[in-house]
file input.pdb (PDB, C-alpha atoms, pLDDT in the B column)
MODEL        1
ATOM      1  CA  MET A 750     110.125 -38.156 126.527  1.00 59.00           C
ATOM      2  CA  GLY A 751     107.839 -39.839 124.004  1.00 80.00           C
ATOM      3  CA  CYS A 752     105.749 -38.465 121.188  1.00 93.00           C
ATOM      4  CA  THR A 753     102.231 -37.433 122.151  1.00 96.00           C
ATOM      5  CA  ALA A 754      99.181 -37.137 119.922  1.00 96.00           C
ATOM      6  CA  ALA A 755      99.999 -33.460 119.477  1.00 96.00           C
ATOM      7  CA  ASP A 756     103.512 -34.360 118.334  1.00 96.00           C
ATOM      8  CA  VAL A 757     102.128 -36.831 115.794  1.00 97.00           C
ATOM      9  CA  VAL A 758      99.706 -34.200 114.510  1.00 97.00           C
ATOM     10  CA  ALA A 759     102.615 -31.748 114.161  1.00 96.00           C
ATOM     11  CA  ALA A 760     104.554 -34.371 112.187  1.00 97.00           C
ATOM     12  CA  LEU A 761     101.615 -34.870 109.859  1.00 97.00           C
ATOM     13  CA  ARG A 762     101.306 -31.136 109.296  1.00 97.00           C
ATOM     14  CA  ALA A 763     104.990 -31.105 108.367  1.00 97.00           C
ATOM     15  CA  ALA A 764     104.431 -34.058 106.044  1.00 98.00           C
ATOM     16  CA  ALA A 765     101.514 -32.291 104.348  1.00 97.00           C
ATOM     17  CA  ALA A 766     103.707 -29.247 103.749  1.00 98.00           C
ATOM     18  CA  VAL A 767     106.432 -31.441 102.222  1.00 98.00           C
ATOM     19  CA  VAL A 768     103.911 -33.180  99.972  1.00 97.00           C
ATOM     20  CA  GLN A 769     102.678 -29.782  98.821  1.00 97.00           C
ATOM     21  CA  GLU A 770     106.243 -28.606  98.186  1.00 98.00           C
ATOM     22  CA  HIS A 771     107.148 -31.721  96.182  1.00 98.00           C
ATOM     23  CA  ARG A 772     103.827 -32.179  94.396  1.00 97.00           C
ATOM     24  CA  ASP A 773     105.241 -31.223  90.982  1.00 97.00           C
ATOM     25  CA  GLU A 774     108.299 -33.452  91.428  1.00 97.00           C
ATOM     26  CA  LEU A 775     106.086 -36.439  92.226  1.00 97.00           C
ATOM     27  CA  VAL A 776     103.940 -35.642  89.185  1.00 96.00           C
ATOM     28  CA  ARG A 777     107.029 -35.587  86.963  1.00 96.00           C
ATOM     29  CA  LEU A 778     108.296 -38.887  88.347  1.00 96.00           C
ATOM     30  CA  ASP A 779     104.908 -40.488  87.776  1.00 94.00           C
ATOM     31  CA  GLN A 780     104.629 -39.005  84.280  1.00 95.00           C
ATOM     32  CA  ALA A 781     107.721 -40.967  83.304  1.00 94.00           C
ATOM     33  CA  ILE A 782     106.509 -44.415  84.399  1.00 92.00           C
ATOM     34  CA  GLY A 783     102.941 -44.155  85.675  1.00 88.00           C
ATOM     35  CA  ASP A 784      99.678 -42.227  85.419  1.00 88.00           C
ATOM     36  CA  ALA A 785     101.131 -38.806  86.325  1.00 92.00           C
ATOM     37  CA  ASP A 786      98.706 -38.533  89.249  1.00 93.00           C
ATOM     38  CA  HIS A 787     100.792 -39.484  92.288  1.00 95.00           C
ATOM     39  CA  GLY A 788     101.746 -35.940  93.245  1.00 95.00           C
ATOM     40  CA  GLU A 789      98.222 -34.590  92.977  1.00 96.00           C
ATOM     41  CA  ASN A 790      96.725 -37.618  94.720  1.00 95.00           C
ATOM     42  CA  MET A 791      99.124 -37.294  97.652  1.00 97.00           C
ATOM     43  CA  LYS A 792      98.477 -33.563  97.894  1.00 97.00           C
ATOM     44  CA  ARG A 793      94.720 -34.124  97.905  1.00 96.00           C
ATOM     45  CA  GLY A 794      95.005 -36.839 100.534  1.00 97.00           C
ATOM     46  CA  PHE A 795      97.133 -34.864 102.962  1.00 97.00           C
ATOM     47  CA  THR A 796      95.049 -31.738 102.457  1.00 97.00           C
ATOM     48  CA  ALA A 797      92.069 -33.822 103.543  1.00 97.00           C
ATOM     49  CA  VAL A 798      94.055 -35.140 106.520  1.00 97.00           C
ATOM     50  CA  LEU A 799      94.771 -31.574 107.650  1.00 96.00           C
ATOM     51  CA  SER A 800      91.107 -30.660 107.330  1.00 96.00           C
ATOM     52  CA  ARG A 801      90.061 -33.550 109.543  1.00 96.00           C
ATOM     53  CA  LEU A 802      92.783 -32.849 112.095  1.00 95.00           C
ATOM     54  CA  ASP A 803      91.547 -29.254 112.308  1.00 93.00           C
ATOM     55  CA  THR A 804      87.986 -30.329 113.033  1.00 92.00           C
ATOM     56  CA  GLU A 805      88.440 -33.483 115.107  1.00 85.00           C
ATOM     57  CA  PRO A 806      91.965 -33.826 116.544  1.00 87.00           C
ATOM     58  CA  PRO A 807      92.315 -37.308 118.153  1.00 95.00           C
ATOM     59  CA  ASP A 808      93.672 -37.639 121.684  1.00 94.00           C
ATOM     60  CA  THR A 809      96.109 -40.546 121.231  1.00 97.00           C
ATOM     61  CA  PRO A 810      98.822 -41.241 118.637  1.00 98.00           C
ATOM     62  CA  GLY A 811      97.052 -44.414 117.544  1.00 98.00           C
ATOM     63  CA  LYS A 812      93.817 -42.563 116.870  1.00 98.00           C
ATOM     64  CA  VAL A 813      95.713 -39.934 114.883  1.00 98.00           C
ATOM     65  CA  LEU A 814      97.246 -42.634 112.698  1.00 98.00           C
ATOM     66  CA  LYS A 815      93.848 -44.296 112.217  1.00 98.00           C
ATOM     67  CA  LEU A 816      92.334 -40.980 111.124  1.00 97.00           C
ATOM     68  CA  VAL A 817      95.123 -40.607 108.564  1.00 98.00           C
ATOM     69  CA  ALA A 818      94.496 -44.141 107.316  1.00 97.00           C
ATOM     70  CA  THR A 819      90.762 -43.742 106.782  1.00 97.00           C
ATOM     71  CA  THR A 820      91.212 -40.332 105.174  1.00 97.00           C
ATOM     72  CA  LEU A 821      93.858 -41.470 102.708  1.00 96.00           C
ATOM     73  CA  ILE A 822      91.880 -44.572 101.760  1.00 95.00           C
ATOM     74  CA  SER A 823      88.806 -42.462 101.001  1.00 95.00           C
ATOM     75  CA  THR A 824      90.504 -39.555  99.197  1.00 93.00           C
ATOM     76  CA  VAL A 825      93.679 -40.777  97.447  1.00 90.00           C
ATOM     77  CA  GLY A 826      93.285 -42.405  94.055  1.00 77.00           C
ATOM     78  CA  GLY A 827      95.408 -45.004  92.339  1.00 80.00           C
ATOM     79  CA  ALA A 828      97.449 -47.521  94.284  1.00 86.00           C
ATOM     80  CA  ALA A 829      98.731 -44.965  96.785  1.00 90.00           C
ATOM     81  CA  GLY A 830      95.479 -44.627  98.739  1.00 93.00           C
ATOM     82  CA  PRO A 831      95.057 -48.288  99.632  1.00 95.00           C
ATOM     83  CA  LEU A 832      98.784 -48.805 100.221  1.00 96.00           C
ATOM     84  CA  TYR A 833      99.404 -45.759 102.396  1.00 97.00           C
ATOM     85  CA  GLY A 834      96.030 -46.209 104.073  1.00 97.00           C
ATOM     86  CA  THR A 835      96.856 -49.792 104.974  1.00 97.00           C
ATOM     87  CA  ALA A 836     100.304 -48.746 106.195  1.00 98.00           C
ATOM     88  CA  PHE A 837      98.882 -46.145 108.578  1.00 98.00           C
ATOM     89  CA  LEU A 838      96.098 -48.479 109.683  1.00 98.00           C
ATOM     90  CA  ARG A 839      98.544 -51.253 110.594  1.00 98.00           C
ATOM     91  CA  ALA A 840     100.766 -48.701 112.347  1.00 98.00           C
ATOM     92  CA  SER A 841      97.755 -47.517 114.336  1.00 98.00           C
ATOM     93  CA  ALA A 842      97.000 -51.062 115.445  1.00 98.00           C
ATOM     94  CA  ALA A 843     100.624 -51.610 116.472  1.00 98.00           C
ATOM     95  CA  VAL A 844     100.574 -48.433 118.578  1.00 97.00           C
ATOM     96  CA  GLY A 845      97.288 -49.290 120.264  1.00 97.00           C
ATOM     97  CA  ASP A 846      96.077 -46.986 123.014  1.00 96.00           C
ATOM     98  CA  ALA A 847      99.517 -45.764 124.109  1.00 95.00           C
ATOM     99  CA  ALA A 848      99.473 -42.144 125.262  1.00 96.00           C
ATOM    100  CA  GLU A 849     103.025 -41.590 124.004  1.00 96.00           C
ATOM    101  CA  LEU A 850     105.306 -43.275 121.498  1.00 96.00           C
ATOM    102  CA  ASP A 851     108.869 -44.259 122.390  1.00 96.00           C
ATOM    103  CA  ARG A 852     111.509 -45.379 119.906  1.00 96.00           C
ATOM    104  CA  ASP A 853     110.587 -49.059 120.245  1.00 96.00           C
ATOM    105  CA  THR A 854     106.929 -48.331 119.554  1.00 97.00           C
ATOM    106  CA  VAL A 855     107.849 -46.242 116.514  1.00 97.00           C
ATOM    107  CA  ALA A 856     110.017 -49.072 115.168  1.00 97.00           C
ATOM    108  CA  ARG A 857     107.153 -51.540 115.699  1.00 98.00           C
ATOM    109  CA  ALA A 858     104.735 -49.187 113.977  1.00 98.00           C
ATOM    110  CA  LEU A 859     107.019 -48.904 110.949  1.00 98.00           C
ATOM    111  CA  GLN A 860     107.357 -52.688 110.782  1.00 98.00           C
ATOM    112  CA  ALA A 861     103.575 -53.038 110.949  1.00 98.00           C
ATOM    113  CA  ALA A 862     103.203 -50.448 108.179  1.00 98.00           C
ATOM    114  CA  LEU A 863     105.598 -52.418 105.969  1.00 98.00           C
ATOM    115  CA  ASP A 864     103.768 -55.663 106.705  1.00 98.00           C
ATOM    116  CA  GLY A 865     100.551 -53.964 105.616  1.00 97.00           C
ATOM    117  CA  VAL A 866     102.091 -52.773 102.367  1.00 97.00           C
ATOM    118  CA  PHE A 867     103.427 -56.285 101.714  1.00 95.00           C
ATOM    119  CA  ALA A 868      99.993 -57.771 102.324  1.00 95.00           C
ATOM    120  CA  ARG A 869      98.157 -55.222 100.202  1.00 94.00           C
ATOM    121  CA  GLY A 870     100.511 -54.730  97.274  1.00 93.00           C
ATOM    122  CA  LYS A 871     102.322 -58.079  97.118  1.00 94.00           C
ATOM    123  CA  ALA A 872     105.529 -56.290  96.076  1.00 94.00           C
ATOM    124  CA  VAL A 873     109.001 -57.252  97.291  1.00 95.00           C
ATOM    125  CA  VAL A 874     112.333 -55.469  97.331  1.00 97.00           C
ATOM    126  CA  GLY A 875     113.547 -55.030  93.784  1.00 96.00           C
ATOM    127  CA  ASP A 876     110.097 -54.598  92.224  1.00 96.00           C
ATOM    128  CA  LYS A 877     110.611 -50.795  91.988  1.00 97.00           C
ATOM    129  CA  THR A 878     107.908 -49.701  94.440  1.00 96.00           C
ATOM    130  CA  MET A 879     107.574 -47.946  97.784  1.00 97.00           C
ATOM    131  CA  VAL A 880     108.714 -51.235  99.350  1.00 98.00           C
ATOM    132  CA  ASP A 881     112.246 -50.460  98.164  1.00 98.00           C
ATOM    133  CA  ALA A 882     112.254 -47.349 100.376  1.00 98.00           C
ATOM    134  CA  LEU A 883     110.201 -48.638 103.298  1.00 98.00           C
ATOM    135  CA  THR A 884     112.028 -51.939 103.808  1.00 98.00           C
ATOM    136  CA  PRO A 885     115.483 -50.448 104.502  1.00 98.00           C
ATOM    137  CA  ALA A 886     113.796 -47.749 106.589  1.00 98.00           C
ATOM    138  CA  VAL A 887     112.261 -50.395 108.846  1.00 98.00           C
ATOM    139  CA  THR A 888     115.562 -52.229 109.151  1.00 98.00           C
ATOM    140  CA  ALA A 889     117.368 -49.008 110.075  1.00 98.00           C
ATOM    141  CA  ALA A 890     114.721 -48.052 112.630  1.00 98.00           C
ATOM    142  CA  ALA A 891     114.921 -51.448 114.302  1.00 97.00           C
ATOM    143  CA  SER A 892     118.655 -51.142 114.868  1.00 96.00           C
ATOM    144  CA  ALA A 893     118.750 -47.429 115.701  1.00 96.00           C
ATOM    145  CA  GLU A 894     119.468 -46.319 119.251  1.00 91.00           C
ATOM    146  CA  GLY A 895     118.420 -43.262 121.189  1.00 91.00           C
ATOM    147  CA  THR A 896     115.409 -41.047 120.728  1.00 95.00           C
ATOM    148  CA  VAL A 897     112.349 -41.208 118.507  1.00 96.00           C
ATOM    149  CA  ALA A 898     113.936 -38.461 116.405  1.00 96.00           C
ATOM    150  CA  ALA A 899     117.131 -40.480 115.960  1.00 97.00           C
ATOM    151  CA  THR A 900     115.125 -43.566 115.032  1.00 97.00           C
ATOM    152  CA  LEU A 901     113.107 -41.693 112.428  1.00 98.00           C
ATOM    153  CA  SER A 902     116.213 -39.967 111.091  1.00 98.00           C
ATOM    154  CA  ALA A 903     117.897 -43.328 110.542  1.00 98.00           C
ATOM    155  CA  ALA A 904     114.744 -44.573 108.821  1.00 98.00           C
ATOM    156  CA  ALA A 905     114.605 -41.491 106.595  1.00 98.00           C
ATOM    157  CA  ASP A 906     118.267 -41.822 105.605  1.00 98.00           C
ATOM    158  CA  ALA A 907     117.725 -45.445 104.626  1.00 98.00           C
ATOM    159  CA  ALA A 908     114.504 -44.627 102.758  1.00 98.00           C
ATOM    160  CA  GLU A 909     116.273 -41.973 100.699  1.00 98.00           C
ATOM    161  CA  GLU A 910     118.967 -44.473  99.721  1.00 98.00           C
ATOM    162  CA  GLY A 911     116.278 -47.031  98.946  1.00 98.00           C
ATOM    163  CA  ALA A 912     114.380 -44.584  96.741  1.00 98.00           C
ATOM    164  CA  SER A 913     117.557 -43.772  94.837  1.00 98.00           C
ATOM    165  CA  SER A 914     118.172 -47.483  94.330  1.00 98.00           C
ATOM    166  CA  THR A 915     114.956 -47.735  92.294  1.00 98.00           C
ATOM    167  CA  VAL A 916     116.346 -45.574  89.459  1.00 97.00           C
ATOM    168  CA  PRO A 917     118.146 -48.381  87.569  1.00 96.00           C
ATOM    169  CA  MET A 918     115.501 -50.999  88.355  1.00 96.00           C
ATOM    170  CA  VAL A 919     113.073 -52.464  85.836  1.00 93.00           C
ATOM    171  CA  ALA A 920     109.598 -52.296  87.348  1.00 94.00           C
ATOM    172  CA  ARG A 921     107.854 -55.591  88.099  1.00 92.00           C
ATOM    173  CA  LYS A 922     104.693 -54.221  89.716  1.00 86.00           C
ATOM    174  CA  GLY A 923     102.055 -51.626  88.924  1.00 83.00           C
ATOM    175  CA  ARG A 924     101.597 -49.408  85.896  1.00 82.00           C
ATOM    176  CA  ALA A 925     105.350 -48.970  85.479  1.00 88.00           C
ATOM    177  CA  SER A 926     105.759 -52.705  84.825  1.00 87.00           C
ATOM    178  CA  TYR A 927     103.965 -52.264  81.499  1.00 84.00           C
ATOM    179  CA  LEU A 928     106.971 -50.302  80.251  1.00 87.00           C
ATOM    180  CA  GLY A 929     109.386 -53.173  80.766  1.00 85.00           C
ATOM    181  CA  GLU A 930     112.999 -52.082  80.246  1.00 91.00           C
ATOM    182  CA  ARG A 931     111.867 -48.512  79.560  1.00 88.00           C
ATOM    183  CA  SER A 932     110.987 -48.134  83.246  1.00 88.00           C
ATOM    184  CA  ALA A 933     114.702 -48.189  84.102  1.00 94.00           C
ATOM    185  CA  GLY A 934     116.337 -44.809  84.589  1.00 95.00           C
ATOM    186  CA  HIS A 935     113.509 -43.286  86.614  1.00 95.00           C
ATOM    187  CA  MET A 936     112.960 -43.135  90.367  1.00 97.00           C
ATOM    188  CA  ASP A 937     109.785 -44.778  91.582  1.00 96.00           C
ATOM    189  CA  PRO A 938     107.366 -42.049  92.736  1.00 96.00           C
ATOM    190  CA  GLY A 939     105.998 -44.140  95.614  1.00 96.00           C
ATOM    191  CA  ALA A 940     109.490 -44.773  96.924  1.00 98.00           C
ATOM    192  CA  ARG A 941     110.206 -41.065  96.669  1.00 98.00           C
ATOM    193  CA  SER A 942     107.049 -40.058  98.539  1.00 98.00           C
ATOM    194  CA  THR A 943     107.828 -42.632 101.239  1.00 98.00           C
ATOM    195  CA  ALA A 944     111.266 -41.081 101.730  1.00 98.00           C
ATOM    196  CA  LEU A 945     109.770 -37.580 101.799  1.00 98.00           C
ATOM    197  CA  LEU A 946     107.233 -38.506 104.462  1.00 98.00           C
ATOM    198  CA  LEU A 947     109.786 -40.199 106.686  1.00 98.00           C
ATOM    199  CA  ARG A 948     112.142 -37.209 106.429  1.00 98.00           C
ATOM    200  CA  ALA A 949     109.277 -34.883 107.369  1.00 98.00           C
ATOM    201  CA  PHE A 950     108.430 -37.069 110.364  1.00 98.00           C
ATOM    202  CA  ALA A 951     112.088 -37.154 111.438  1.00 98.00           C
ATOM    203  CA  ASP A 952     112.485 -33.385 111.148  1.00 97.00           C
ATOM    204  CA  ALA A 953     109.284 -32.799 113.129  1.00 97.00           C
ATOM    205  CA  ALA A 954     110.394 -35.214 115.853  1.00 96.00           C
ATOM    206  CA  ALA A 955     113.716 -33.400 116.136  1.00 95.00           C
ATOM    207  CA  LYS A 956     111.835 -30.167 116.837  1.00 91.00           C
ATOM    208  CA  ALA A 957     109.397 -31.667 119.349  1.00 83.00           C
TER     209      ALA A 957
ENDMDL
END

call {"tool": "encode", "arguments": {"input": "input.pdb", "output": "structure tokens"}}
result
Amino acid sequence: MGCTAADVVAALRAAAAVVQEHRDELVRLDQAIGDADHGENMKRGFTAVLSRLDTEPPDTPGKVLKLVATTLISTVGGAAGPLYGTAFLRASAAVGDAAELDRDTVARALQAALDGVFARGKAVVGDKTMVDALTPAVTAAASAEGTVAATLSAAADAAEEGASSTVPMVARKGRASYLGERSAGHMDPGARSTALLLRAFADAAAKA
């Protein structure tokens, strides 16, 4: 059985709760190497997503993802809004009008999201950005077998490892790059939030 629009909405509600729970952690990570606003920006964005889902719940997974995209682009400051917005928008396009998402569609959506982040942010693996979490997640999802939940779980596992890998890196993109060698020793907040979202999606899919 695939994931319906209602399942995607449930996953986003879970993601919003995780963002709320980890808001202070994301602030601390961004204080070390950025503008200290990533946690609050993500919280504001997903709070706005919940508000829109409460008032105008879409009837297909693709429309849900598009709603998330437009909301994040309009409400999240810094680099996160455009990057996450583009990721969800590309995922929405990859999903199309499908009434349900199977594991192959989810893997394609994740690949499309990564392609969008590449196009928008111009970062590559090793630059100490969300790309370092999302790239291994996409690779893991593509090779995973079984259910949507199993696919997302594999992606989340890989994203968590990818986020951890950013700790020793010297940033080459974004505000953190201004610190040079001093950026090493800190996890990238965008990579961390990417891992958090994917874990929330995986946990929600397992309960669907």

call {"tool": "resolve_selection", "arguments": {"input": "input.pdb", "expression": "the PyMOL selection byres ((chain A and resi 913) around 10)", "output": "MDAnalysis selection string"}}
result
chainID A and resid 881:882 907:912 914:918 935:937 940:941 944

call {"tool": "resolve_selection", "arguments": {"input": "input.pdb", "expression": "the PyMOL selection byres ((chain A and resi 955) around 10)", "output": "list in words"}}
result
Thr896, Val897, Ala898, Ala899, Leu901, Ser902, Ala949, Phe950, Ala951, Asp952, Ala953, Ala954, Lys956 and Ala957 of chain A

call {"tool": "residues_near_point", "arguments": {"input": "input.pdb", "point": "(103.0, -45.2, 107.1)", "cutoff": "9 Å", "atoms": "all atoms listed in the file", "output": "compact mmCIF listing (two decimals) with C-alpha atoms, in the frame of the given file"}}
result
# COMPACT_ATOMS: atom_id res chain seq x y z
CA LEU A 814 97.25 -42.63 112.70
CA ALA A 818 94.50 -44.14 107.32
CA LEU A 832 98.78 -48.80 100.22
CA TYR A 833 99.40 -45.76 102.40
CA GLY A 834 96.03 -46.21 104.07
CA THR A 835 96.86 -49.79 104.97
CA ALA A 836 100.30 -48.75 106.20
CA PHE A 837 98.88 -46.14 108.58
CA LEU A 838 96.10 -48.48 109.68
CA ARG A 839 98.54 -51.25 110.59
CA ALA A 840 100.77 -48.70 112.35
CA ALA A 858 104.74 -49.19 113.98
CA LEU A 859 107.02 -48.90 110.95
CA ALA A 861 103.58 -53.04 110.95
CA ALA A 862 103.20 -50.45 108.18
CA LEU A 863 105.60 -52.42 105.97
CA VAL A 866 102.09 -52.77 102.37
CA LEU A 883 110.20 -48.64 103.30
CA THR A 943 107.83 -42.63 101.24
CA LEU A 946 107.23 -38.51 104.46
CA LEU A 947 109.79 -40.20 106.69

call {"tool": "residues_around", "arguments": {"input": "input.pdb", "residues": "Arg772 in chain A", "least_positions_apart": "5", "cutoff": "12 Å", "atoms": "only C-alpha atoms", "output": "list in words"}}
result
Ala764, Ala765, Ala766, Val767, Arg777, Leu778, Asp779, Ala785, Asp786, His787, Gly788, Glu789, Asn790, Met791, Lys792, Arg793, Gly794, Phe795, Thr796, Pro938, Arg941, Ser942 and Leu945 of chain A

call {"tool": "atom_distance", "arguments": {"input": "input.pdb", "atom1": "CA of Gly929 in chain A", "atom2": "CA of Gly870 in chain A"}}
result
18.8 Å

call {"tool": "atom_distance", "arguments": {"input": "input.pdb", "atom1": "CA of Ala890 in chain A", "atom2": "CA of Cys752 in chain A"}}
result
15.7 Å

call {"tool": "residues_around", "arguments": {"input": "input.pdb", "residues": "Ala755 in chain A", "least_positions_apart": "2", "cutoff": "12 Å", "atoms": "all atoms listed in the file", "output": "short mmCIF file (atom, residue, chain, number, x, y, z; two decimals) with C-alpha atoms, in the coordinates of the input"}}
result
data_model
loop_
_atom_site.label_atom_id
_atom_site.label_comp_id
_atom_site.auth_asym_id
_atom_site.auth_seq_id
_atom_site.Cartn_x
_atom_site.Cartn_y
_atom_site.Cartn_z
CA GLY A 751 107.84 -39.84 124.00
CA CYS A 752 105.75 -38.47 121.19
CA THR A 753 102.23 -37.43 122.15
CA VAL A 757 102.13 -36.83 115.79
CA VAL A 758 99.71 -34.20 114.51
CA ALA A 759 102.62 -31.75 114.16
CA ALA A 760 104.55 -34.37 112.19
CA LEU A 761 101.62 -34.87 109.86
CA ARG A 762 101.31 -31.14 109.30
CA LEU A 802 92.78 -32.85 112.10
CA ASP A 803 91.55 -29.25 112.31
CA PRO A 806 91.96 -33.83 116.54
CA PRO A 807 92.32 -37.31 118.15
CA ASP A 808 93.67 -37.64 121.68
CA THR A 809 96.11 -40.55 121.23
CA PRO A 810 98.82 -41.24 118.64
CA GLY A 811 97.05 -44.41 117.54
CA LYS A 812 93.82 -42.56 116.87
CA VAL A 813 95.71 -39.93 114.88
CA LEU A 814 97.25 -42.63 112.70
CA ALA A 848 99.47 -42.14 125.26
CA GLU A 849 103.02 -41.59 124.00
CA LEU A 850 105.31 -43.28 121.50
CA ALA A 953 109.28 -32.80 113.13
CA ALA A 954 110.39 -35.21 115.85
CA ALA A 957 109.40 -31.67 119.35
#

call {"tool": "resolve_selection", "arguments": {"input": "input.pdb", "expression": "the PyMOL selection byres ((chain A and resi 887) around 7)", "output": "list in words"}}
result
Ala856, Leu859, Gln860, Leu883, Thr884, Pro885, Ala886, Thr888, Ala889, Ala890, Ala891 and Ala904 of chain A
